[in-house]
Each structure stands twice: as structure tokens, then as C-alpha cells.
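One file, structure.txt, carrying compact mmCIF, C-alpha atoms:
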```txt
# COMPACT_ATOMS: atom_id res chain seq x y z
CA MET A 1 192.27 -17.65 -153.98
CA VAL A 2 189.22 -19.57 -152.94
CA THR A 3 186.03 -18.15 -154.38
CA GLY A 4 182.65 -19.32 -153.34
CA ILE A 5 179.41 -18.31 -151.76
CA ILE A 6 180.86 -15.28 -150.02
CA GLY A 7 181.73 -12.37 -152.25
CA ALA A 8 184.14 -10.40 -150.13
CA ILE A 9 187.07 -11.74 -148.19
CA GLY A 10 187.13 -10.09 -144.79
CA MET A 11 190.02 -8.42 -143.01
CA GLY A 12 191.28 -9.75 -139.75
CA ASP A 13 193.64 -12.26 -138.28
CA PHE A 14 195.50 -14.65 -140.55
CA ASP A 15 195.30 -12.20 -143.45
CA SER A 16 198.79 -12.80 -144.79
CA PHE A 17 198.25 -16.50 -144.32
CA ARG A 18 195.01 -16.24 -146.24
CA ARG A 19 196.55 -14.17 -149.04
CA ARG A 20 199.23 -16.80 -149.52
CA GLY A 21 196.51 -19.35 -150.18
CA ALA A 22 196.84 -21.33 -146.95
CA PHE A 23 193.13 -22.13 -147.05
CA ASN A 24 193.17 -23.35 -150.64
CA PHE A 25 192.67 -26.86 -149.29
CA MET A 26 188.99 -26.03 -148.88
CA PRO A 27 186.75 -27.22 -151.71
CA GLN A 28 185.17 -24.61 -153.98
CA TYR A 29 181.76 -24.57 -152.36
CA THR A 30 178.94 -23.15 -154.46
CA SER A 31 176.19 -23.24 -151.84
CA LEU A 32 175.71 -23.07 -148.11
CA ARG A 33 174.45 -26.62 -148.09
CA GLU A 34 177.75 -27.84 -149.51
CA VAL A 35 179.57 -26.26 -146.57
CA LEU A 36 177.11 -27.66 -144.04
CA VAL A 37 177.32 -31.26 -145.24
CA ASP A 38 181.11 -31.43 -145.66
CA HIS A 39 182.10 -33.98 -143.00
CA ASN A 40 185.81 -33.46 -143.61
CA LEU A 41 185.46 -29.76 -142.93
CA ALA A 42 183.45 -30.64 -139.81
CA ALA A 43 186.37 -32.71 -138.49
CA LEU A 44 188.66 -29.69 -138.79
CA GLY A 45 185.90 -27.41 -137.49
CA ASP A 46 185.58 -29.68 -134.43
CA ALA A 47 189.20 -28.92 -133.50
CA LEU A 48 188.61 -25.18 -133.97
CA VAL A 49 185.38 -25.18 -131.95
CA ASN A 50 186.94 -27.05 -129.03
CA PHE A 51 189.88 -24.65 -128.98
CA LEU A 52 187.69 -21.53 -129.15
CA TYR A 53 185.33 -22.74 -126.47
CA SER A 54 188.10 -23.97 -124.18
CA LEU A 55 189.72 -20.54 -124.37
CA ALA A 56 186.41 -18.72 -123.88
CA ARG A 57 185.57 -20.82 -120.81
CA SER A 58 189.09 -20.31 -119.42
CA ILE A 59 188.67 -16.54 -119.74
CA LYS A 60 185.20 -16.59 -118.19
CA GLU A 61 186.10 -18.85 -115.29
CA GLY A 62 189.53 -17.36 -114.64
CA THR A 63 191.42 -20.63 -114.87
CA PRO A 64 192.77 -22.74 -117.77
CA LEU A 65 190.23 -25.34 -118.93
CA GLY A 66 190.01 -27.83 -121.78
CA VAL A 67 186.45 -28.45 -122.91
CA LYS A 68 185.02 -30.83 -125.50
CA VAL A 69 181.91 -29.14 -126.92
CA LYS A 70 178.91 -31.51 -126.94
CA GLY A 71 177.28 -32.22 -130.27
CA ARG A 72 173.78 -31.80 -128.87
CA LEU A 73 174.55 -28.24 -127.96
CA LEU A 74 175.88 -27.39 -131.43
CA ALA A 75 172.89 -29.07 -133.07
CA ASP A 76 170.51 -27.02 -130.90
CA ALA A 77 172.41 -23.83 -131.77
CA LEU A 78 172.12 -24.66 -135.47
CA ASP A 79 168.39 -25.25 -135.14
CA GLY A 80 168.11 -21.99 -133.20
CA VAL A 81 169.28 -19.90 -136.14
CA GLY A 82 167.04 -21.64 -138.66
CA LEU A 83 169.76 -23.51 -140.52
CA ARG A 84 168.05 -26.89 -140.38
CA GLN A 85 166.10 -25.98 -143.52
CA TYR A 86 169.36 -26.00 -145.50
CA LEU A 87 170.06 -29.62 -144.60
CA PRO A 88 168.57 -32.75 -146.14
CA PRO A 89 165.43 -34.20 -144.49
CA ARG A 90 166.00 -36.67 -141.63
CA THR A 91 169.36 -35.13 -140.79
CA THR A 92 170.59 -36.54 -137.47
CA ARG A 93 171.66 -34.51 -134.46
CA HIS A 94 175.25 -35.57 -135.10
CA GLU A 95 175.04 -34.27 -138.66
CA ARG A 96 173.59 -30.97 -137.43
CA ALA A 97 176.48 -30.61 -134.99
CA ASP A 98 178.88 -31.33 -137.86
CA ALA A 99 177.14 -28.66 -139.93
CA ALA A 100 177.69 -26.06 -137.19
CA GLU A 101 181.38 -27.00 -136.96
CA SER A 102 181.83 -26.79 -140.74
CA LEU A 103 180.21 -23.36 -140.90
CA ILE A 104 182.25 -21.97 -138.00
CA PHE A 105 185.47 -23.11 -139.65
CA TYR A 106 184.42 -21.88 -143.09
CA ALA A 107 183.49 -18.42 -141.80
CA TRP A 108 186.83 -18.00 -140.06
CA ALA A 109 188.83 -19.34 -143.01
CA ARG A 110 187.07 -16.89 -145.33
CA GLY A 111 187.84 -13.99 -142.98
CA VAL A 112 184.18 -13.34 -142.15
CA VAL A 113 184.96 -13.43 -138.42
CA THR A 114 188.24 -13.39 -136.49
CA LEU A 115 189.21 -15.85 -133.79
CA GLU A 116 189.24 -12.96 -131.28
CA GLU A 117 185.69 -12.01 -132.15
CA GLU A 118 184.51 -15.61 -132.00
CA ILE A 119 186.00 -16.00 -128.52
CA GLU A 120 184.45 -12.71 -127.38
CA ILE A 121 181.02 -13.81 -128.56
CA LEU A 122 181.40 -17.17 -126.82
CA CYS A 123 182.34 -15.36 -123.59
CA GLN A 124 179.19 -13.26 -123.56
CA LYS A 125 176.69 -15.94 -122.56
CA ASP A 126 176.80 -18.39 -119.67
CA ASP A 127 174.69 -20.91 -121.56
CA ALA A 128 176.81 -22.67 -124.18
CA THR A 129 173.95 -23.29 -126.60
CA GLU A 130 173.03 -19.59 -126.51
CA ALA A 131 176.68 -18.66 -126.97
CA PHE A 132 177.01 -20.81 -130.10
CA ARG A 133 173.65 -19.59 -131.39
CA ASP A 134 174.94 -16.02 -131.09
CA LEU A 135 178.13 -16.99 -132.91
CA LEU A 136 176.16 -18.59 -135.76
CA HIS A 137 173.94 -15.50 -135.90
CA ARG A 138 176.99 -13.28 -136.21
CA ILE A 139 178.40 -15.47 -138.98
CA LEU A 140 175.13 -15.56 -140.90
CA SER A 141 174.78 -11.77 -140.65
CA SER A 142 177.91 -11.51 -142.83
CA LEU A 143 176.79 -14.07 -145.41
CA PRO A 144 174.12 -12.00 -147.20
CA LEU A 145 174.24 -14.04 -150.39
CA ILE A 146 172.94 -17.13 -148.70
CA LYS A 147 170.23 -15.74 -146.43
CA MET B 1 199.23 -7.82 -117.41
CA VAL B 2 200.60 -11.22 -116.64
CA THR B 3 204.25 -11.13 -115.70
CA GLY B 4 206.36 -14.19 -115.35
CA ILE B 5 209.39 -15.96 -116.66
CA ILE B 6 209.42 -14.14 -119.98
CA GLY B 7 210.47 -10.52 -119.84
CA ALA B 8 209.09 -9.15 -123.06
CA ILE B 9 205.61 -9.61 -124.43
CA GLY B 10 205.84 -10.35 -128.13
CA MET B 11 203.98 -8.73 -130.97
CA GLY B 12 201.72 -10.75 -133.15
CA ASP B 13 198.21 -12.05 -133.40
CA PHE B 14 195.79 -11.49 -130.53
CA ASP B 15 197.69 -8.37 -129.44
CA SER B 16 194.64 -6.29 -128.59
CA PHE B 17 193.15 -9.32 -126.88
CA ARG B 18 196.34 -9.73 -124.91
CA ARG B 19 196.53 -6.04 -123.98
CA ARG B 20 193.02 -6.20 -122.60
CA GLY B 21 194.15 -8.93 -120.23
CA ALA B 22 192.35 -11.85 -121.87
CA PHE B 23 195.12 -14.19 -120.74
CA ASN B 24 195.06 -13.05 -117.14
CA PHE B 25 193.49 -16.39 -116.26
CA MET B 26 196.97 -17.92 -116.46
CA PRO B 27 198.73 -18.31 -113.11
CA GLN B 28 201.77 -16.13 -112.39
CA TYR B 29 204.42 -18.70 -113.20
CA THR B 30 207.86 -18.02 -111.76
CA SER B 31 209.72 -20.90 -113.43
CA LEU B 32 209.61 -23.04 -116.54
CA ARG B 33 208.87 -26.08 -114.41
CA GLU B 34 205.70 -24.46 -113.11
CA VAL B 35 204.47 -24.07 -116.69
CA LEU B 36 205.42 -27.62 -117.62
CA VAL B 37 203.63 -29.28 -114.69
CA ASP B 38 200.39 -27.25 -114.89
CA HIS B 39 197.84 -29.90 -115.87
CA ASN B 40 195.04 -27.37 -116.25
CA LEU B 41 197.10 -25.42 -118.75
CA ALA B 42 197.84 -28.71 -120.53
CA ALA B 43 194.11 -29.36 -120.97
CA LEU B 44 193.73 -26.02 -122.73
CA GLY B 45 197.00 -26.58 -124.61
CA ASP B 46 195.65 -29.92 -125.84
CA ALA B 47 192.80 -28.09 -127.60
CA LEU B 48 195.27 -25.62 -129.15
CA VAL B 49 197.67 -28.35 -130.29
CA ASN B 50 194.92 -30.41 -131.93
CA PHE B 51 193.63 -27.33 -133.75
CA LEU B 52 197.09 -26.24 -134.94
CA TYR B 53 198.06 -29.70 -136.11
CA SER B 54 194.72 -30.38 -137.79
CA LEU B 55 195.10 -27.15 -139.74
CA ALA B 56 198.74 -27.86 -140.61
CA ARG B 57 197.89 -31.37 -141.85
CA SER B 58 194.94 -30.02 -143.85
CA ILE B 59 197.23 -27.51 -145.57
CA LYS B 60 199.92 -30.13 -146.26
CA GLU B 61 197.51 -32.77 -147.56
CA GLY B 62 195.26 -30.39 -149.46
CA THR B 63 192.03 -31.51 -147.81
CA PRO B 64 190.31 -30.67 -144.50
CA LEU B 65 191.34 -33.06 -141.71
CA GLY B 66 190.74 -33.31 -137.99
CA VAL B 67 193.63 -34.90 -136.13
CA LYS B 68 194.08 -35.83 -132.46
CA VAL B 69 197.80 -35.48 -131.72
CA LYS B 70 199.14 -38.57 -129.92
CA GLY B 71 200.70 -38.07 -126.51
CA ARG B 72 203.66 -40.31 -127.31
CA LEU B 73 204.65 -38.02 -130.13
CA LEU B 74 204.52 -34.89 -127.96
CA ALA B 75 206.49 -36.65 -125.21
CA ASP B 76 209.17 -37.64 -127.73
CA ALA B 77 209.32 -34.07 -129.05
CA LEU B 78 209.75 -32.77 -125.49
CA ASP B 79 212.57 -35.23 -124.85
CA GLY B 80 214.13 -34.22 -128.18
CA VAL B 81 214.67 -30.63 -127.06
CA GLY B 82 216.10 -31.57 -123.67
CA LEU B 83 213.16 -30.45 -121.57
CA ARG B 84 212.88 -33.65 -119.57
CA GLN B 85 215.51 -32.31 -117.16
CA TYR B 86 213.07 -29.60 -116.05
CA LEU B 87 210.50 -32.17 -114.95
CA PRO B 88 210.44 -34.19 -111.73
CA PRO B 89 212.10 -37.64 -111.80
CA ARG B 90 209.89 -40.57 -112.91
CA THR B 91 207.68 -38.30 -114.99
CA THR B 92 205.38 -40.44 -117.16
CA ARG B 93 204.99 -40.15 -120.91
CA HIS B 94 201.53 -38.73 -120.39
CA GLU B 95 202.94 -36.02 -118.12
CA ARG B 96 205.63 -35.19 -120.69
CA ALA B 97 202.97 -34.82 -123.38
CA ASP B 98 201.04 -32.53 -121.01
CA ALA B 99 204.21 -30.50 -120.47
CA ALA B 100 204.60 -29.97 -124.24
CA GLU B 101 200.97 -28.86 -124.51
CA SER B 102 201.31 -26.45 -121.59
CA LEU B 103 204.44 -24.89 -123.05
CA ILE B 104 202.93 -24.48 -126.52
CA PHE B 105 199.91 -22.72 -125.07
CA TYR B 106 201.99 -20.58 -122.73
CA ALA B 107 204.30 -19.40 -125.52
CA TRP B 108 201.39 -18.39 -127.72
CA ALA B 109 199.50 -16.68 -124.89
CA ARG B 110 202.62 -14.66 -124.02
CA GLY B 111 203.05 -13.59 -127.66
CA VAL B 112 206.34 -15.45 -128.12
CA VAL B 113 205.02 -17.14 -131.26
CA THR B 114 201.94 -16.51 -133.40
CA LEU B 115 199.43 -19.14 -134.45
CA GLU B 116 200.46 -18.56 -138.09
CA GLU B 117 204.10 -19.22 -137.30
CA GLU B 118 203.23 -22.32 -135.29
CA ILE B 119 201.22 -23.71 -138.18
CA GLU B 120 204.00 -22.91 -140.66
CA ILE B 121 206.55 -24.74 -138.53
CA LEU B 122 204.25 -27.75 -138.20
CA CYS B 123 203.84 -27.82 -142.00
CA GLN B 124 207.57 -28.02 -142.65
CA LYS B 125 208.17 -31.62 -141.62
CA ASP B 126 206.36 -34.77 -142.69
CA ASP B 127 207.19 -36.50 -139.43
CA ALA B 128 204.93 -35.20 -136.66
CA THR B 129 207.46 -35.74 -133.85
CA GLU B 130 210.08 -33.76 -135.78
CA ALA B 131 207.52 -31.05 -136.51
CA PHE B 132 206.68 -30.62 -132.81
CA ARG B 133 210.35 -30.80 -131.85
CA ASP B 134 211.02 -27.91 -134.26
CA LEU B 135 208.11 -25.98 -132.75
CA LEU B 136 209.43 -26.50 -129.21
CA HIS B 137 212.91 -25.46 -130.41
CA ARG B 138 211.48 -22.26 -131.84
CA ILE B 139 209.64 -21.53 -128.60
CA LEU B 140 212.69 -22.20 -126.44
CA SER B 141 214.86 -19.95 -128.63
CA SER B 142 212.68 -17.04 -127.49
CA LEU B 143 212.75 -17.91 -123.80
CA PRO B 144 216.36 -16.93 -122.98
CA LEU B 145 215.73 -16.47 -119.28
CA ILE B 146 214.96 -20.10 -118.74
CA LYS B 147 217.59 -21.81 -120.88
```

As C-alpha cells, what does this structure read like?
Amino acid sequence: MVTGIIGAIGMGDFDSFRRRGAFNFMPQYTSLREVLVDHNLAALGDALVNFLYSLARSIKEGTPLGVKVKGRLLADALDGVGLRQYLPPRTTRHERADAAESLIFYAWARGVVTLEEEIEILCQKDDATEAFRDLLHRILSSLPLIK
Amino acid sequence: MVTGIIGAIGMGDFDSFRRRGAFNFMPQYTSLREVLVDHNLAALGDALVNFLYSLARSIKEGTPLGVKVKGRLLADALDGVGLRQYLPPRTTRHERADAAESLIFYAWARGVVTLEEEIEILCQKDDATEAFRDLLHRILSSLPLIK
């Protein structure tokens, strides 16, 4: 199994998948910063984030919608939970958006949060930046070793 | 609950979500064609398909990857399982790709197939068109009322 900065592997969706090592493709991160600056993980996280937010918006608006989440919004959400301090100086907005995407994927893959819970959190606010800030807050609340 | 062309609601991931009516935003489809030609559902399905395939490719290749699934490939997969006959004449390739995306979302939302199973199927073939054809086959095998 993957071991890393989170001690306990959570229970939730994809548990059998997780137990069979499906997420072993993730590098063995030893710090939060390593997760945040992994651009490959961000590319996968981008696909997850667009799916989660498209589903959340569809539920909220009562009609199927496909939404591409703007990088600016993710970067602002990352700043809003104080994660900028974990990134190198002069990190661009694009890199901060990538960092948010990496962390959201990582947290789900490690079982810290389920897809259902992520969607529910994203449904709770009308403002997308606030919604993602709340999601990052929720994720960070379960990563005690790195706060 | 949503009722439509599938009699039974499957068991799997997102069951509590489903029971609470999270997918009630989907129209009440009365035929397969209605699902296949719903462009709004396709936009949401596009986000799901890109997420599923990005994760499947990451697992297969042993490194995180974000992949945008090409429409041509989805259109070919749709043709490969004989679904073109359910679409209007002179349907474009883009519309056939949309139809595949709509159906993949619909099947998951109705509990016909879980995300885990979808990812496993997509991992089993190196050729992406074959992988999506197998996924559509699996979905259609559980939709007896419409075949």
C-alpha cells in the first residue's frame, strides 16, 4: 500500500479498489509540498475536479451541466485556506490551481474524503471559490500531520 | 426516485446518494434514444468519461495522467456496439461521441455499473476504442428493456 504523509487510510468509497493497490501509481510523497507541486497529479486531479463540480452544479441547478473549473477560482480557494505558504516563492496562479487539484485528488485517493462528501460540500455554497475553499478546509482537517 | 427505461436500480457506489434523490436532475427518459440525444447529459458525461479514463490510464501506466478522451474514439466505440441505429439518420461523429458520453453517465447514475467497474473495464484493453466498446457492451448487457 501507499504510505506517506497521512497515517490512517480512511474508509469510504473505492475501498476494495484501494486495498487492491489501484492507487499505487501515486508517488510515495513524504511532505505536503511534494503533493502540491506534482504537476502530473494535478493533471489527473483536474479531471476529478471538473467531474465533481459538474455533478455538484447539475444537482444544484436541477439539470445536467458540464463545467470546466477555472484555475483562478482554485488558486483563490488555495490561498483562502493558507496553503500558499507551503509552495515555493513566486508560485504562479496556474501553479496554485494545480496544487489545489493535486491535493483534492490525493485526499480522495487516500480515502480521507469520499466522492459523495466532496460533491455534498461543493453543493453547499453558491460561490464556487467558497465551495472549493470549504472542500480544502475539510481535507486539511483530516491531515493533522501536516498542519 | 427517477424512473425510466431501466426497471431496477442497481446496487453499488453512491447508493445513499442515489436514494436521497441526488440524480433527480436527470430528465425522465422514456427511451434509449432520448438518453443518447441529450446534449446536456453528454456535457456532464464528458466530465465523467475524462475522469474515468484518466484514472484508468494512470493505473495502467503507473503514473498520474490527465487525458481528454477523443470524440472519434467514443463515436467508433458507439458504432462498434450497434448503437448507431438508435440515433437519427445523418448523425455526426460529434453527436455519436456525445451519445456515448450520455449513456455512460446515465448507466452510472442509475446504478447499472459502478465507477470501480467502469475503471476496471477501461484498464483491460490497451486500445482505447476497444476499451470503451467493452464498457458500452457491459452497460447494454444490463439494459435488457432497450435491446

Exercise. Mind listing as a list of chain:residue names all residues within 9 Å of (181.7, -30.8, -139.3), counting all atoms listed in the file?
Worked result: A:Val35, A:Leu36, A:Val37, A:Asp38, A:His39, A:Asn40, A:Leu41, A:Ala42, A:Ala43, A:Leu44, A:Gly45, A:Asp46, A:Glu95, A:Arg96, A:Ala97, A:Asp98, A:Ala99, A:Ala100, A:Glu101, A:Ser102, A:Leu103, A:Ile104, A:Phe105

Exercise. If we count all atoms listed in the file, which residues of chain B reach to within 6 Å of chain A? Please list them as JSON, numbers by chain.
Worked result: {"B": [25, 40, 41, 43, 44, 47, 48, 51, 59, 62, 63, 64, 65, 66]}

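Here atom CA of B:Arg72 stands at a distance of 12.5 Å from atom CA of B:Arg133.
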
Report, as AutoDock Vina command-line options, the centre and edge lengths in Å (one decimal) of the axis-aligned box enclosing every listed atom of stretch 66-80 of chain B, padded by 4 Å on each side.
```
--center_x 202.4 --center_y -36.5 --center_z -131.4 --size_x 31.4 --size_y 15.5 --size_z 21.1
```

For this session: Report the distance between atom CA of B:Ala75 and atom CA of A:Lys70 in Å, rounded to one decimal place.
Result: 28.1 Å

Just fit chain A onto chain B on all the Cα atoms, in order, by least squares, and give it as a PDB file with C-alpha atoms, in the frame of the given file.
```
ATOM      1  CA  MET A   1     199.217  -7.863-117.327  1.00  0.00           C
ATOM      2  CA  VAL A   2     200.666 -11.255-116.645  1.00  0.00           C
ATOM      3  CA  THR A   3     204.323 -11.127-115.706  1.00  0.00           C
ATOM      4  CA  GLY A   4     206.430 -14.180-115.376  1.00  0.00           C
ATOM      5  CA  ILE A   5     209.429 -15.990-116.696  1.00  0.00           C
ATOM      6  CA  ILE A   6     209.443 -14.166-120.010  1.00  0.00           C
ATOM      7  CA  GLY A   7     210.535 -10.561-119.891  1.00  0.00           C
ATOM      8  CA  ALA A   8     209.138  -9.172-123.101  1.00  0.00           C
ATOM      9  CA  ILE A   9     205.661  -9.648-124.453  1.00  0.00           C
ATOM     10  CA  GLY A  10     205.887 -10.352-128.159  1.00  0.00           C
ATOM     11  CA  MET A  11     203.988  -8.738-131.004  1.00  0.00           C
ATOM     12  CA  GLY A  12     201.717 -10.765-133.177  1.00  0.00           C
ATOM     13  CA  ASP A  13     198.210 -12.060-133.414  1.00  0.00           C
ATOM     14  CA  PHE A  14     195.798 -11.499-130.552  1.00  0.00           C
ATOM     15  CA  ASP A  15     197.676  -8.381-129.456  1.00  0.00           C
ATOM     16  CA  SER A  16     194.632  -6.299-128.597  1.00  0.00           C
ATOM     17  CA  PHE A  17     193.149  -9.314-126.891  1.00  0.00           C
ATOM     18  CA  ARG A  18     196.341  -9.731-124.919  1.00  0.00           C
ATOM     19  CA  ARG A  19     196.535  -6.045-123.985  1.00  0.00           C
ATOM     20  CA  ARG A  20     193.015  -6.203-122.602  1.00  0.00           C
ATOM     21  CA  GLY A  21     194.144  -8.930-120.231  1.00  0.00           C
ATOM     22  CA  ALA A  22     192.339 -11.846-121.874  1.00  0.00           C
ATOM     23  CA  PHE A  23     195.099 -14.199-120.752  1.00  0.00           C
ATOM     24  CA  ASN A  24     195.036 -13.053-117.138  1.00  0.00           C
ATOM     25  CA  PHE A  25     193.471 -16.397-116.266  1.00  0.00           C
ATOM     26  CA  MET A  26     196.943 -17.916-116.452  1.00  0.00           C
ATOM     27  CA  PRO A  27     198.705 -18.310-113.108  1.00  0.00           C
ATOM     28  CA  GLN A  28     201.731 -16.121-112.393  1.00  0.00           C
ATOM     29  CA  TYR A  29     204.379 -18.690-113.192  1.00  0.00           C
ATOM     30  CA  THR A  30     207.829 -18.018-111.770  1.00  0.00           C
ATOM     31  CA  SER A  31     209.689 -20.885-113.431  1.00  0.00           C
ATOM     32  CA  LEU A  32     209.573 -23.034-116.519  1.00  0.00           C
ATOM     33  CA  ARG A  33     208.849 -26.067-114.405  1.00  0.00           C
ATOM     34  CA  GLU A  34     205.667 -24.455-113.113  1.00  0.00           C
ATOM     35  CA  VAL A  35     204.440 -24.069-116.691  1.00  0.00           C
ATOM     36  CA  LEU A  36     205.408 -27.622-117.615  1.00  0.00           C
ATOM     37  CA  VAL A  37     203.611 -29.286-114.709  1.00  0.00           C
ATOM     38  CA  ASP A  38     200.380 -27.263-114.890  1.00  0.00           C
ATOM     39  CA  HIS A  39     197.821 -29.921-115.863  1.00  0.00           C
ATOM     40  CA  ASN A  40     195.036 -27.371-116.249  1.00  0.00           C
ATOM     41  CA  LEU A  41     197.087 -25.429-118.757  1.00  0.00           C
ATOM     42  CA  ALA A  42     197.839 -28.725-120.523  1.00  0.00           C
ATOM     43  CA  ALA A  43     194.103 -29.361-120.967  1.00  0.00           C
ATOM     44  CA  LEU A  44     193.732 -26.014-122.731  1.00  0.00           C
ATOM     45  CA  GLY A  45     197.010 -26.576-124.587  1.00  0.00           C
ATOM     46  CA  ASP A  46     195.638 -29.923-125.827  1.00  0.00           C
ATOM     47  CA  ALA A  47     192.799 -28.092-127.597  1.00  0.00           C
ATOM     48  CA  LEU A  48     195.261 -25.619-129.141  1.00  0.00           C
ATOM     49  CA  VAL A  49     197.671 -28.342-130.278  1.00  0.00           C
ATOM     50  CA  ASN A  50     194.929 -30.397-131.926  1.00  0.00           C
ATOM     51  CA  PHE A  51     193.637 -27.328-133.749  1.00  0.00           C
ATOM     52  CA  LEU A  52     197.095 -26.242-134.942  1.00  0.00           C
ATOM     53  CA  TYR A  53     198.050 -29.698-136.109  1.00  0.00           C
ATOM     54  CA  SER A  54     194.707 -30.370-137.783  1.00  0.00           C
ATOM     55  CA  LEU A  55     195.092 -27.145-139.750  1.00  0.00           C
ATOM     56  CA  ALA A  56     198.737 -27.854-140.600  1.00  0.00           C
ATOM     57  CA  ARG A  57     197.890 -31.354-141.854  1.00  0.00           C
ATOM     58  CA  SER A  58     194.935 -29.991-143.852  1.00  0.00           C
ATOM     59  CA  ILE A  59     197.244 -27.494-145.563  1.00  0.00           C
ATOM     60  CA  LYS A  60     199.909 -30.117-146.246  1.00  0.00           C
ATOM     61  CA  GLU A  61     197.533 -32.755-147.559  1.00  0.00           C
ATOM     62  CA  GLY A  62     195.269 -30.377-149.463  1.00  0.00           C
ATOM     63  CA  THR A  63     192.055 -31.499-147.810  1.00  0.00           C
ATOM     64  CA  PRO A  64     190.320 -30.666-144.497  1.00  0.00           C
ATOM     65  CA  LEU A  65     191.353 -33.065-141.716  1.00  0.00           C
ATOM     66  CA  GLY A  66     190.750 -33.305-137.981  1.00  0.00           C
ATOM     67  CA  VAL A  67     193.641 -34.903-136.132  1.00  0.00           C
ATOM     68  CA  LYS A  68     194.077 -35.820-132.473  1.00  0.00           C
ATOM     69  CA  VAL A  69     197.798 -35.480-131.710  1.00  0.00           C
ATOM     70  CA  LYS A  70     199.151 -38.575-129.918  1.00  0.00           C
ATOM     71  CA  GLY A  71     200.719 -38.068-126.522  1.00  0.00           C
ATOM     72  CA  ARG A  72     203.671 -40.308-127.331  1.00  0.00           C
ATOM     73  CA  LEU A  73     204.664 -38.020-130.136  1.00  0.00           C
ATOM     74  CA  LEU A  74     204.530 -34.897-127.954  1.00  0.00           C
ATOM     75  CA  ALA A  75     206.487 -36.644-125.203  1.00  0.00           C
ATOM     76  CA  ASP A  76     209.185 -37.641-127.714  1.00  0.00           C
ATOM     77  CA  ALA A  77     209.323 -34.067-129.036  1.00  0.00           C
ATOM     78  CA  LEU A  78     209.754 -32.765-125.489  1.00  0.00           C
ATOM     79  CA  ASP A  79     212.567 -35.220-124.831  1.00  0.00           C
ATOM     80  CA  GLY A  80     214.131 -34.221-128.152  1.00  0.00           C
ATOM     81  CA  VAL A  81     214.671 -30.632-127.053  1.00  0.00           C
ATOM     82  CA  GLY A  82     216.105 -31.565-123.666  1.00  0.00           C
ATOM     83  CA  LEU A  83     213.159 -30.443-121.564  1.00  0.00           C
ATOM     84  CA  ARG A  84     212.883 -33.654-119.568  1.00  0.00           C
ATOM     85  CA  GLN A  85     215.508 -32.322-117.154  1.00  0.00           C
ATOM     86  CA  TYR A  86     213.056 -29.619-116.044  1.00  0.00           C
ATOM     87  CA  LEU A  87     210.491 -32.189-114.938  1.00  0.00           C
ATOM     88  CA  PRO A  88     210.428 -34.209-111.728  1.00  0.00           C
ATOM     89  CA  PRO A  89     212.092 -37.661-111.789  1.00  0.00           C
ATOM     90  CA  ARG A  90     209.897 -40.585-112.901  1.00  0.00           C
ATOM     91  CA  THR A  91     207.686 -38.312-114.977  1.00  0.00           C
ATOM     92  CA  THR A  92     205.391 -40.440-117.151  1.00  0.00           C
ATOM     93  CA  ARG A  93     205.015 -40.168-120.907  1.00  0.00           C
ATOM     94  CA  HIS A  94     201.540 -38.725-120.392  1.00  0.00           C
ATOM     95  CA  GLU A  95     202.955 -36.027-118.128  1.00  0.00           C
ATOM     96  CA  ARG A  96     205.647 -35.205-120.694  1.00  0.00           C
ATOM     97  CA  ALA A  97     202.979 -34.830-123.373  1.00  0.00           C
ATOM     98  CA  ASP A  98     201.049 -32.549-121.009  1.00  0.00           C
ATOM     99  CA  ALA A  99     204.208 -30.508-120.466  1.00  0.00           C
ATOM    100  CA  ALA A 100     204.605 -29.968-124.224  1.00  0.00           C
ATOM    101  CA  GLU A 101     200.964 -28.865-124.507  1.00  0.00           C
ATOM    102  CA  SER A 102     201.305 -26.448-121.579  1.00  0.00           C
ATOM    103  CA  LEU A 103     204.434 -24.871-123.041  1.00  0.00           C
ATOM    104  CA  ILE A 104     202.931 -24.481-126.519  1.00  0.00           C
ATOM    105  CA  PHE A 105     199.895 -22.730-125.067  1.00  0.00           C
ATOM    106  CA  TYR A 106     201.966 -20.567-122.727  1.00  0.00           C
ATOM    107  CA  ALA A 107     204.288 -19.408-125.513  1.00  0.00           C
ATOM    108  CA  TRP A 108     201.383 -18.386-127.722  1.00  0.00           C
ATOM    109  CA  ALA A 109     199.493 -16.680-124.891  1.00  0.00           C
ATOM    110  CA  ARG A 110     202.599 -14.662-124.019  1.00  0.00           C
ATOM    111  CA  GLY A 111     203.024 -13.598-127.653  1.00  0.00           C
ATOM    112  CA  VAL A 112     206.321 -15.455-128.091  1.00  0.00           C
ATOM    113  CA  VAL A 113     205.005 -17.145-131.245  1.00  0.00           C
ATOM    114  CA  THR A 114     201.929 -16.512-133.394  1.00  0.00           C
ATOM    115  CA  LEU A 115     199.426 -19.141-134.444  1.00  0.00           C
ATOM    116  CA  GLU A 116     200.447 -18.543-138.085  1.00  0.00           C
ATOM    117  CA  GLU A 117     204.079 -19.221-137.302  1.00  0.00           C
ATOM    118  CA  GLU A 118     203.241 -22.318-135.281  1.00  0.00           C
ATOM    119  CA  ILE A 119     201.213 -23.716-138.182  1.00  0.00           C
ATOM    120  CA  GLU A 120     204.000 -22.903-140.652  1.00  0.00           C
ATOM    121  CA  ILE A 121     206.547 -24.731-138.522  1.00  0.00           C
ATOM    122  CA  LEU A 122     204.247 -27.743-138.197  1.00  0.00           C
ATOM    123  CA  CYS A 123     203.835 -27.803-141.994  1.00  0.00           C
ATOM    124  CA  GLN A 124     207.560 -27.994-142.642  1.00  0.00           C
ATOM    125  CA  LYS A 125     208.167 -31.598-141.605  1.00  0.00           C
ATOM    126  CA  ASP A 126     206.367 -34.757-142.677  1.00  0.00           C
ATOM    127  CA  ASP A 127     207.195 -36.490-139.408  1.00  0.00           C
ATOM    128  CA  ALA A 128     204.937 -35.185-136.641  1.00  0.00           C
ATOM    129  CA  THR A 129     207.446 -35.731-133.842  1.00  0.00           C
ATOM    130  CA  GLU A 130     210.076 -33.755-135.772  1.00  0.00           C
ATOM    131  CA  ALA A 131     207.524 -31.041-136.494  1.00  0.00           C
ATOM    132  CA  PHE A 132     206.671 -30.624-132.802  1.00  0.00           C
ATOM    133  CA  ARG A 133     210.346 -30.797-131.851  1.00  0.00           C
ATOM    134  CA  ASP A 134     211.003 -27.909-134.244  1.00  0.00           C
ATOM    135  CA  LEU A 135     208.105 -25.967-132.740  1.00  0.00           C
ATOM    136  CA  LEU A 136     209.434 -26.491-129.201  1.00  0.00           C
ATOM    137  CA  HIS A 137     212.897 -25.456-130.397  1.00  0.00           C
ATOM    138  CA  ARG A 138     211.480 -22.258-131.844  1.00  0.00           C
ATOM    139  CA  ILE A 139     209.632 -21.518-128.604  1.00  0.00           C
ATOM    140  CA  LEU A 140     212.674 -22.186-126.438  1.00  0.00           C
ATOM    141  CA  SER A 141     214.840 -19.949-128.641  1.00  0.00           C
ATOM    142  CA  SER A 142     212.672 -17.015-127.497  1.00  0.00           C
ATOM    143  CA  LEU A 143     212.752 -17.902-123.800  1.00  0.00           C
ATOM    144  CA  PRO A 144     216.352 -16.885-123.010  1.00  0.00           C
ATOM    145  CA  LEU A 145     215.743 -16.467-119.294  1.00  0.00           C
ATOM    146  CA  ILE A 146     215.012 -20.116-118.800  1.00  0.00           C
ATOM    147  CA  LYS A 147     217.641 -21.778-120.981  1.00  0.00           C
TER     148      LYS A 147
END
```

For this session: For B:Arg138, work out the shell of residues within 9 Å, counting only C-alpha atoms and skipping chain neighbours fewer than 5 positions away, then give it as a ChimeraX atom specification.
Result: /B:113,118,121,133
